[in-house]
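input-v8.txt (compact mmCIF, C-alpha atoms)
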```
# COMPACT_ATOMS: atom_id res chain seq x y z
CA MET A 1 -26.08 66.58 -14.23
CA GLY A 2 -28.80 65.87 -16.77
CA LEU A 3 -30.69 68.47 -18.70
CA LEU A 4 -33.91 67.65 -16.85
CA GLN A 5 -32.21 68.25 -13.51
CA VAL A 6 -30.91 71.59 -14.73
CA LEU A 7 -34.37 72.54 -15.92
CA HIS A 8 -35.84 71.46 -12.61
CA GLN A 9 -33.39 73.68 -10.76
CA CYS A 10 -34.36 76.51 -13.08
CA ASP A 11 -37.97 75.87 -12.05
CA SER A 12 -36.92 76.17 -8.44
CA LEU A 13 -35.15 79.45 -9.01
CA TRP A 14 -38.13 80.72 -10.89
CA SER A 15 -40.46 79.87 -8.06
CA LEU A 16 -38.13 81.39 -5.45
CA GLY A 17 -38.23 84.68 -7.24
CA TYR A 18 -41.99 84.71 -7.20
CA ASP A 19 -43.70 87.26 -5.04
CA CYS A 20 -45.78 85.29 -2.59
CA PRO A 21 -46.86 85.56 1.05
CA ASP A 22 -45.38 83.59 3.94
CA HIS A 23 -47.83 80.72 3.90
CA VAL A 24 -46.94 79.96 0.33
CA ASN A 25 -44.92 76.91 -0.45
CA ARG A 26 -41.56 78.31 -1.48
CA SER A 27 -39.89 74.99 -1.95
CA GLY A 28 -39.01 74.75 -5.59
CA SER A 29 -38.50 71.00 -5.33
CA LEU A 30 -42.25 70.61 -4.80
CA ASP A 31 -43.06 72.44 -7.98
CA LEU A 32 -43.45 69.24 -9.96
CA ASN A 33 -45.71 67.84 -7.24
CA ASN A 34 -47.66 71.07 -7.30
CA SER A 35 -48.14 70.64 -11.01
CA GLN A 36 -49.57 67.17 -10.47
CA ALA A 37 -51.70 68.43 -7.59
CA MET A 38 -52.99 71.24 -9.75
CA ASN A 39 -53.86 68.75 -12.46
CA ARG A 40 -55.91 66.77 -9.95
CA PHE A 41 -57.47 69.95 -8.62
CA PHE A 42 -58.59 70.99 -12.09
CA GLN A 43 -60.03 67.54 -12.74
CA GLU A 44 -62.07 67.80 -9.55
CA ILE A 45 -63.26 71.33 -10.05
CA GLU A 46 -63.63 71.88 -13.79
CA LYS A 47 -67.17 70.52 -14.14
CA LYS A 48 -68.56 72.54 -11.27
CA ALA A 49 -66.77 75.63 -12.48
CA PHE A 50 -68.24 75.16 -15.93
CA ARG A 51 -71.74 74.63 -14.56
CA MET A 52 -71.50 77.77 -12.43
CA ALA A 53 -70.31 79.84 -15.37
CA HIS A 54 -72.94 78.25 -17.60
CA ILE A 55 -75.75 79.05 -15.20
CA ALA A 56 -74.47 82.62 -14.94
CA THR A 57 -74.02 83.24 -18.66
CA ASN A 58 -76.50 80.79 -20.18
CA ASP A 59 -73.95 80.29 -22.95
CA PRO A 60 -71.69 77.20 -22.97
CA GLU A 61 -68.96 78.82 -25.09
CA GLU A 62 -68.79 81.89 -22.86
CA ALA A 63 -68.73 79.58 -19.85
CA LEU A 64 -65.80 77.62 -21.29
CA ASP A 65 -63.93 80.86 -21.98
CA ILE A 66 -64.48 81.99 -18.41
CA VAL A 67 -63.26 78.67 -17.02
CA GLN A 68 -60.22 78.81 -19.28
CA ASP A 69 -59.32 82.34 -18.18
CA SER A 70 -59.74 81.37 -14.55
CA MET A 71 -57.51 78.30 -14.88
CA PHE A 72 -54.81 80.24 -16.71
CA LYS A 73 -54.90 82.92 -14.06
CA LEU A 74 -54.67 80.41 -11.22
CA VAL A 75 -51.68 78.69 -12.80
CA GLU A 76 -50.00 81.97 -13.63
CA LYS A 77 -50.41 83.63 -10.26
CA TYR A 78 -51.03 81.01 -7.60
CA ARG A 79 -49.36 77.80 -8.75
CA ASN A 80 -46.88 77.93 -5.87
CA TYR A 81 -49.50 78.55 -3.22
CA ASP A 82 -50.56 75.89 -0.80
CA PRO A 83 -52.95 73.54 -2.69
CA ASP A 84 -55.50 73.94 0.10
CA SER A 85 -55.85 77.60 -0.83
CA TRP A 86 -56.50 76.90 -4.52
CA GLN A 87 -60.21 76.26 -4.17
CA PRO A 88 -61.19 79.66 -2.69
CA LEU A 89 -58.68 81.41 -4.94
CA PHE A 90 -60.02 79.70 -8.03
CA TYR A 91 -63.60 80.58 -7.16
CA LYS A 92 -62.58 84.13 -6.47
CA ILE A 93 -61.09 84.36 -9.97
CA LEU A 94 -64.05 82.57 -11.53
CA GLN A 95 -66.61 84.83 -9.88
CA SER A 96 -64.59 87.86 -10.85
CA ARG A 97 -64.54 86.69 -14.47
CA ILE A 98 -68.30 86.08 -14.37
CA ARG A 99 -68.88 89.59 -13.03
CA ASP A 100 -66.63 91.00 -15.75
CA TRP A 101 -68.62 89.12 -18.36
CA TYR A 102 -71.83 90.41 -16.81
CA ARG A 103 -70.61 94.03 -16.93
CA ARG A 104 -69.42 93.67 -20.51
CA SER A 105 -72.70 92.17 -21.64
CA LYS A 106 -74.57 94.94 -19.87
CA VAL A 107 -72.57 97.60 -21.72
CA ARG A 108 -72.94 95.67 -24.98
CA ASN A 109 -76.69 95.46 -24.53
CA ARG A 110 -76.90 99.18 -23.78
CA PHE A 111 -74.91 99.91 -26.92
CA ARG A 112 -77.15 97.65 -28.98
CA ALA A 113 -80.22 99.25 -27.49
CA TRP A 114 -78.83 102.68 -28.33
CA LEU A 115 -78.04 101.69 -31.90
CA GLY A 116 -81.34 99.96 -32.34
CA GLY A 117 -83.26 102.88 -30.85
CA LYS A 118 -84.68 100.68 -28.16
CA ASP A 119 -86.05 102.37 -25.05
CA GLU A 120 -83.26 101.94 -22.55
CA ASP A 121 -85.50 102.50 -19.57
CA ASN A 122 -87.36 99.34 -20.37
CA GLU A 123 -84.17 97.36 -20.59
CA GLU A 124 -83.94 94.44 -18.26
CA GLU A 125 -80.87 92.96 -16.64
CA PRO A 126 -78.58 91.24 -19.19
CA LEU A 127 -78.96 87.84 -17.64
CA ASN A 128 -82.71 88.12 -17.90
CA GLN A 129 -82.40 89.12 -21.53
CA VAL A 130 -80.62 85.95 -22.52
CA ALA A 131 -83.04 84.00 -24.62
CA ASP A 132 -84.79 81.18 -22.85
CA LEU A 133 -85.54 78.74 -25.62
CA SER A 134 -88.36 77.15 -23.74
CA MET A 135 -89.93 80.53 -22.85
CA ARG A 136 -91.55 79.00 -19.82
CA SER A 137 -91.78 80.36 -16.31
CA PRO A 138 -90.29 78.39 -13.41
CA GLU A 139 -93.79 77.50 -12.33
CA GLN A 140 -94.59 76.09 -15.78
CA LEU A 141 -91.28 74.32 -15.92
CA ALA A 142 -91.93 72.82 -12.52
CA VAL A 143 -94.91 71.05 -13.98
CA THR A 144 -93.70 70.22 -17.45
CA GLY A 145 -89.91 70.36 -17.51
CA SER A 146 -87.24 68.47 -15.71
CA GLU A 147 -86.29 69.38 -12.17
CA LEU A 148 -82.85 70.47 -13.26
CA GLU A 149 -84.28 72.87 -15.79
CA ASN A 150 -86.52 74.29 -13.09
CA LEU A 151 -83.58 74.80 -10.81
CA GLU A 152 -81.42 76.41 -13.50
CA GLN A 153 -84.20 78.73 -14.53
CA ALA A 154 -84.87 79.73 -10.94
CA LEU A 155 -81.15 80.31 -10.34
CA ARG A 156 -80.95 82.55 -13.41
CA GLU A 157 -83.78 84.64 -12.10
CA LEU A 158 -81.81 85.44 -8.96
CA SER A 159 -79.56 88.46 -8.92
CA LEU A 160 -75.98 87.63 -9.86
CA ARG A 161 -74.79 88.05 -6.28
CA GLN A 162 -77.52 85.84 -4.88
CA GLN A 163 -76.80 83.23 -7.51
CA GLN A 164 -73.05 83.28 -6.82
CA VAL A 165 -73.50 83.17 -3.06
CA PHE A 166 -76.03 80.35 -3.22
CA LEU A 167 -73.89 78.17 -5.50
CA LEU A 168 -70.71 78.75 -3.52
CA ARG A 169 -72.29 78.26 -0.10
CA ALA A 170 -74.82 75.52 -0.79
CA TRP A 171 -73.20 73.58 -3.60
CA GLU A 172 -69.47 74.14 -3.32
CA GLY A 173 -69.58 74.24 0.48
CA LEU A 174 -67.46 77.36 1.02
CA ASP A 175 -67.90 79.01 4.40
CA VAL A 176 -69.20 82.54 4.83
CA LYS A 177 -65.74 84.08 4.94
CA GLN A 178 -64.50 82.26 1.84
CA THR A 179 -67.70 83.12 -0.02
CA ALA A 180 -67.39 86.78 0.96
CA ASN A 181 -63.84 86.77 -0.32
CA ALA A 182 -64.79 85.05 -3.57
CA VAL A 183 -67.76 87.25 -4.31
CA GLY A 184 -66.14 90.44 -3.06
CA CYS A 185 -68.61 91.57 -0.43
CA SER A 186 -68.94 91.56 3.35
CA GLU A 187 -69.82 88.46 5.38
CA GLY A 188 -73.08 90.12 6.41
CA SER A 189 -74.01 90.60 2.76
CA VAL A 190 -73.24 86.95 2.07
CA LYS A 191 -75.68 85.89 4.79
CA THR A 192 -78.35 88.23 3.45
CA HIS A 193 -77.86 87.14 -0.18
CA TYR A 194 -77.88 83.49 0.82
CA PHE A 195 -81.05 83.84 2.86
CA ARG A 196 -82.88 85.68 0.09
CA ALA A 197 -81.67 83.28 -2.59
CA LEU A 198 -82.77 80.29 -0.58
CA GLN A 199 -86.12 81.86 0.16
CA ALA A 200 -86.72 82.69 -3.51
CA LEU A 201 -85.72 79.21 -4.66
CA ARG A 202 -87.84 77.48 -2.08
CA ASN A 203 -90.81 79.63 -3.00
CA LYS A 204 -90.45 78.75 -6.67
CA LEU A 205 -89.38 75.14 -6.49
CA GLY A 206 -90.26 73.78 -3.07
CA PRO A 207 -93.96 73.18 -3.68
CA ALA A 208 -93.32 71.60 -7.08
CA TRP A 209 -90.70 69.35 -5.60
CA GLY A 210 -93.08 68.42 -2.81
CA ILE A 211 -90.61 69.55 -0.20
CA ASP A 212 -92.34 72.52 1.34
CA GLU A 213 -95.10 74.97 0.86
CA LYS A 214 -94.55 78.67 0.24
CA VAL A 215 -91.98 79.99 2.73
CA MET B 1 -92.39 77.71 22.92
CA ARG B 2 -92.35 74.00 22.08
CA LYS B 3 -94.48 74.68 18.99
CA PHE B 4 -92.05 77.40 17.92
CA ASN B 5 -89.15 75.02 18.31
CA GLU B 6 -90.97 72.31 16.38
CA THR B 7 -91.76 74.73 13.56
CA LYS B 8 -88.18 75.91 13.50
CA SER B 9 -86.87 72.38 13.45
CA GLN B 10 -89.29 71.43 10.68
CA ASN B 11 -88.26 74.45 8.67
CA GLN B 12 -84.59 73.54 9.06
CA GLN B 13 -85.35 70.01 7.98
CA THR B 14 -87.20 71.08 4.85
CA GLU B 15 -84.45 73.56 4.09
CA GLN B 16 -81.92 70.79 4.40
CA GLU B 17 -83.99 68.58 2.11
CA PHE B 18 -84.26 71.36 -0.40
CA LEU B 19 -80.53 71.99 -0.36
CA GLN B 20 -79.74 68.30 -0.68
CA LYS B 21 -82.02 67.95 -3.65
CA SER B 22 -80.59 71.09 -5.28
CA CYS B 23 -77.04 69.88 -4.81
CA LYS B 24 -77.89 66.43 -6.11
CA LEU B 25 -79.45 67.89 -9.23
CA LEU B 26 -76.43 70.10 -9.84
CA ASP B 27 -74.04 67.20 -9.22
CA ASP B 28 -76.00 65.05 -11.64
CA SER B 29 -75.80 67.81 -14.22
CA CYS B 30 -72.01 67.70 -13.90
CA ASP B 31 -71.99 63.95 -14.38
CA SER B 32 -74.17 64.21 -17.47
CA LEU B 33 -72.11 66.81 -19.33
CA ASP B 34 -71.77 66.04 -23.02
CA GLY B 35 -68.60 64.69 -24.56
CA TYR B 36 -67.74 67.89 -26.36
CA THR B 37 -67.82 69.96 -23.17
CA LEU B 38 -65.81 67.37 -21.24
CA SER B 39 -63.24 67.26 -24.01
CA ARG B 40 -62.99 71.06 -24.09
CA LEU B 41 -62.59 71.23 -20.33
CA ASN B 42 -59.87 68.60 -20.44
CA THR B 43 -58.07 70.50 -23.19
CA ILE B 44 -58.38 73.76 -21.30
CA HIS B 45 -56.94 72.50 -18.05
CA HIS B 46 -54.06 70.75 -19.77
CA ALA B 47 -53.40 73.87 -21.83
CA ALA B 48 -53.26 75.91 -18.62
CA LEU B 49 -50.71 73.54 -17.09
CA SER B 50 -48.62 73.07 -20.23
CA ARG B 51 -48.61 76.78 -20.96
CA HIS B 52 -47.00 77.34 -17.60
CA ARG B 53 -44.43 74.59 -18.19
CA SER B 54 -43.55 75.71 -21.69
CA LYS B 55 -43.35 79.32 -20.57
CA LYS B 56 -40.82 78.44 -17.90
CA ARG B 57 -38.81 75.89 -19.80
CA VAL B 58 -38.49 77.86 -22.98
CA LEU B 59 -38.23 81.39 -21.69
CA LEU B 60 -35.82 80.73 -18.85
CA PRO B 61 -33.03 79.13 -20.91
CA LEU B 62 -33.65 81.71 -23.62
CA GLY B 63 -33.37 84.48 -21.06
CA GLY B 64 -30.21 82.89 -19.68
CA MET B 65 -28.69 82.59 -23.14
CA LEU B 66 -29.57 86.17 -23.93
CA SER B 67 -28.03 87.44 -20.67
CA ALA B 68 -24.92 85.36 -21.26
CA SER B 69 -24.63 86.68 -24.82
CA VAL B 70 -24.92 90.27 -23.63
CA LEU B 71 -22.34 89.64 -20.93
CA VAL B 72 -19.90 88.02 -23.35
CA PHE B 73 -20.43 90.85 -25.80
CA PHE B 74 -19.63 93.45 -23.17
CA ILE B 75 -16.57 91.60 -21.91
CA PHE B 76 -15.31 91.10 -25.46
CA ASN B 77 -16.08 94.66 -26.41
CA SER B 78 -14.49 96.18 -23.33
CA SER B 79 -11.30 94.14 -23.79
CA ILE B 80 -11.03 95.20 -27.45
CA VAL B 81 -11.71 98.83 -26.64
CA GLY B 82 -9.32 98.62 -23.69
CA ASN B 83 -6.54 97.26 -25.86
CA PHE B 84 -7.29 99.74 -28.56
CA GLN B 85 -7.20 102.60 -26.09
CA SER B 86 -3.96 101.40 -24.47
CA GLU B 87 -2.38 101.48 -27.93
CA GLN B 88 -3.99 104.73 -28.92
CA ILE B 89 -2.96 106.90 -25.94
CA PRO B 90 0.88 106.75 -26.51
CA VAL B 91 0.34 107.47 -30.20
CA LEU B 92 -1.69 110.55 -29.38
CA GLU B 93 0.81 111.64 -26.76
CA ARG B 94 3.65 111.18 -29.22
CA GLU B 95 1.84 113.11 -31.93
CA LEU B 96 1.08 115.94 -29.53
CA ALA B 97 4.71 116.10 -28.41
CA ASP B 98 5.88 116.15 -32.03
CA ASP B 99 3.50 119.00 -32.80
CA ILE B 100 4.85 121.05 -29.91
CA ASP B 101 8.42 120.38 -31.04
CA VAL B 102 7.65 121.44 -34.58
CA PHE B 103 5.94 124.55 -33.31
CA LEU B 104 8.85 125.45 -31.07
CA GLU B 105 11.42 124.69 -33.75
CA ALA B 106 9.66 126.94 -36.22
CA GLU B 107 10.29 130.00 -34.09
CA GLU B 108 13.85 130.92 -33.48
CA LEU B 109 15.01 131.81 -30.00
CA GLU B 110 16.35 135.13 -31.25
CA PHE B 111 12.86 136.24 -31.94
CA PHE B 112 11.99 135.88 -28.26
CA GLU B 113 15.26 137.56 -27.23
CA GLU B 114 14.53 140.58 -29.46
CA TYR B 115 10.84 140.51 -28.66
CA GLU B 116 10.87 144.03 -27.08
CA PHE B 117 12.57 145.48 -30.15
CA TYR B 118 10.10 143.89 -32.51
CA GLN B 119 7.32 145.18 -30.33
CA TRP B 120 8.71 148.77 -30.50
CA LEU B 121 9.21 148.43 -34.27
CA ALA B 122 5.64 147.30 -34.68
CA ASP B 123 4.43 150.32 -32.68
CA ASN B 124 6.69 152.90 -34.41
CA GLY B 125 7.64 151.18 -37.66
CA ALA B 126 4.97 152.89 -39.63
CA ILE B 127 6.39 156.30 -38.80
```

Encoded form (structure tokens):
Amino acid sequence: MGLLQVLHQCDSLWSLGYDCPDHVNRSGSLDLNNSQAMNRFFQEIEKKAFRMAHIATNDPEEALDIVQDSMFKLVEKYRNYDPDSWQPLFYKILQSRIRDWYRRSKVRNRFRAWLGGKDEDNEEEPLNQVADLSMRSPEQLAVTGSELENLEQALRELSLRQQQVFLLRAWEGLDVKQTANAVGCSEGSVKTHYFRALQALRNKLGPAWGIDEKV
Amino acid sequence: MRKFNETKSQNQQTEQEFLQKSCKLLDDSCDSLDGYTLSRLNTIHHAALSRHRSKKRVLLPLGGMLSASVLVFFIFNSSIVGNFQSEQIPVLERELADDIDVFLEAEELEFFEEYEFYQWLADNGAI
């Protein structure tokens, strides 16, 4: 028996000892296939994941860190799960990491405001405090900037929940249940957030895009 | 009623158009990511996969070797201690028996036979 075979059997034993629910693929012999499948899954999903994190944080390095953490977590905890379940699981981790980042930046901003003697009551939400280099409103951007910039700016002006729900439902195509699970709220809340996000985006961008008038 | 349905249908259509355009813009933004970001993403996802592989393939044999070493150590140790103890016990028993013999030999039997007399002498000897 070759060394590789021995190592492969070790992989199998490792995966058998892993705490996982019934629907999980417990066959250790598929571990190598799972690894290849996970590689393909990451290739398919990495760009969208980065864009979501980037829109949320408005910082490419922070976005890359969030994507990295999410991928590591998925591999560490869910590598032996059915590949069909990876997408909602990955987005659940990603959204959780984005929320963590959001909380941390909120605390950091409070601390900075306290140290700097800034009036905390006037403090805005962290995402809104991230510097917009163009310093233009969505309406101005709609006229002068590119359509993508308009969309990104409008998405950043949504609440974090609305932004997450809109991107997961409209762009990634998750259903209400999967979105609720990923974002960590009820299905009713998902519908409400989605409706409000869509309404806000259409109000800001629809007329400029020539799609519809004010909703 | 018909007008309501027409309005609703029109609204759904424009909503669909809006969503399609939004998704297309976001998809295009993924396709136009810069080389640095694409390279970083590629590195990250391979690091995630290789970290898992290296973790398993290095730690598992190491863990096995460590367990085996501990097991061998205990077996070796217990056999040495066992042998040592099996040799030690008769020696101790022999030494203890010798000590008792020496103790008994030191006292003459007459002493025990005349024990009552020596007891009386001890009580009245001072008189």

Go through chain A and flag each residue having an atom no more than 8 Å from chain B; for those, report the closest pair of atoms plus their distance in Å to one decimal, using only C-alpha atoms, ordered by chain and rising number, as CSV.
```
residue,atom,partner,partner_atom,distance
A:Leu7,CA,B:Arg57,CA,6.8
A:Cys10,CA,B:Leu60,CA,7.3
A:Asp11,CA,B:Lys56,CA,7.0
A:Trp14,CA,B:Lys56,CA,7.8
A:Ser35,CA,B:Leu49,CA,7.2
A:Asn39,CA,B:Leu49,CA,7.4
A:Phe42,CA,B:His45,CA,6.4
A:Gln43,CA,B:Asn42,CA,7.8
A:Glu46,CA,B:Leu41,CA,6.7
A:Lys47,CA,B:Cys30,CA,5.6
A:Lys48,CA,B:Cys30,CA,6.5
A:Arg51,CA,B:Cys30,CA,7.0
A:Leu64,CA,B:Leu41,CA,7.2
A:Gln68,CA,B:Ile44,CA,5.7
A:Met71,CA,B:Ala48,CA,6.1
A:Phe72,CA,B:Ala48,CA,5.0
A:Val75,CA,B:Ala48,CA,6.6
A:Glu76,CA,B:His52,CA,6.8
A:Glu147,CA,B:Leu25,CA,7.6
A:Leu148,CA,B:Leu25,CA,5.9
A:Leu151,CA,B:Ser22,CA,7.3
A:Ala170,CA,B:Leu19,CA,6.7
A:Trp171,CA,B:Cys23,CA,5.5
A:Arg202,CA,B:Phe18,CA,7.3
A:Gly206,CA,B:Phe18,CA,7.0
A:Ile211,CA,B:Thr14,CA,6.3
A:Asp212,CA,B:Thr14,CA,6.4
```

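What separates CA of Asn181 (chain A) from CA of Ile66 (chain A) is a distance of 18.7 Å.
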
**Q.** CA of Asn34 (chain A) to CA of Tyr78 (chain A), distance in Å rounded to a single decimal
**A.** 10.5 Å

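For the atom pair formed by CA of Ser159 (chain A) and CA of Leu115 (chain A), the distance is 26.6 Å, given to one decimal.
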
For region 199-211 of chain A, I'd like the enclosing box, axis-aligned and padded by 8 Å on every side, reported as AutoDock Vina command-line options with centre and edge lengths in Å to one decimal.
```
--center_x -89.8 --center_y 75.6 --center_z -3.5 --size_x 24.2 --size_y 30.3 --size_z 23.2
```
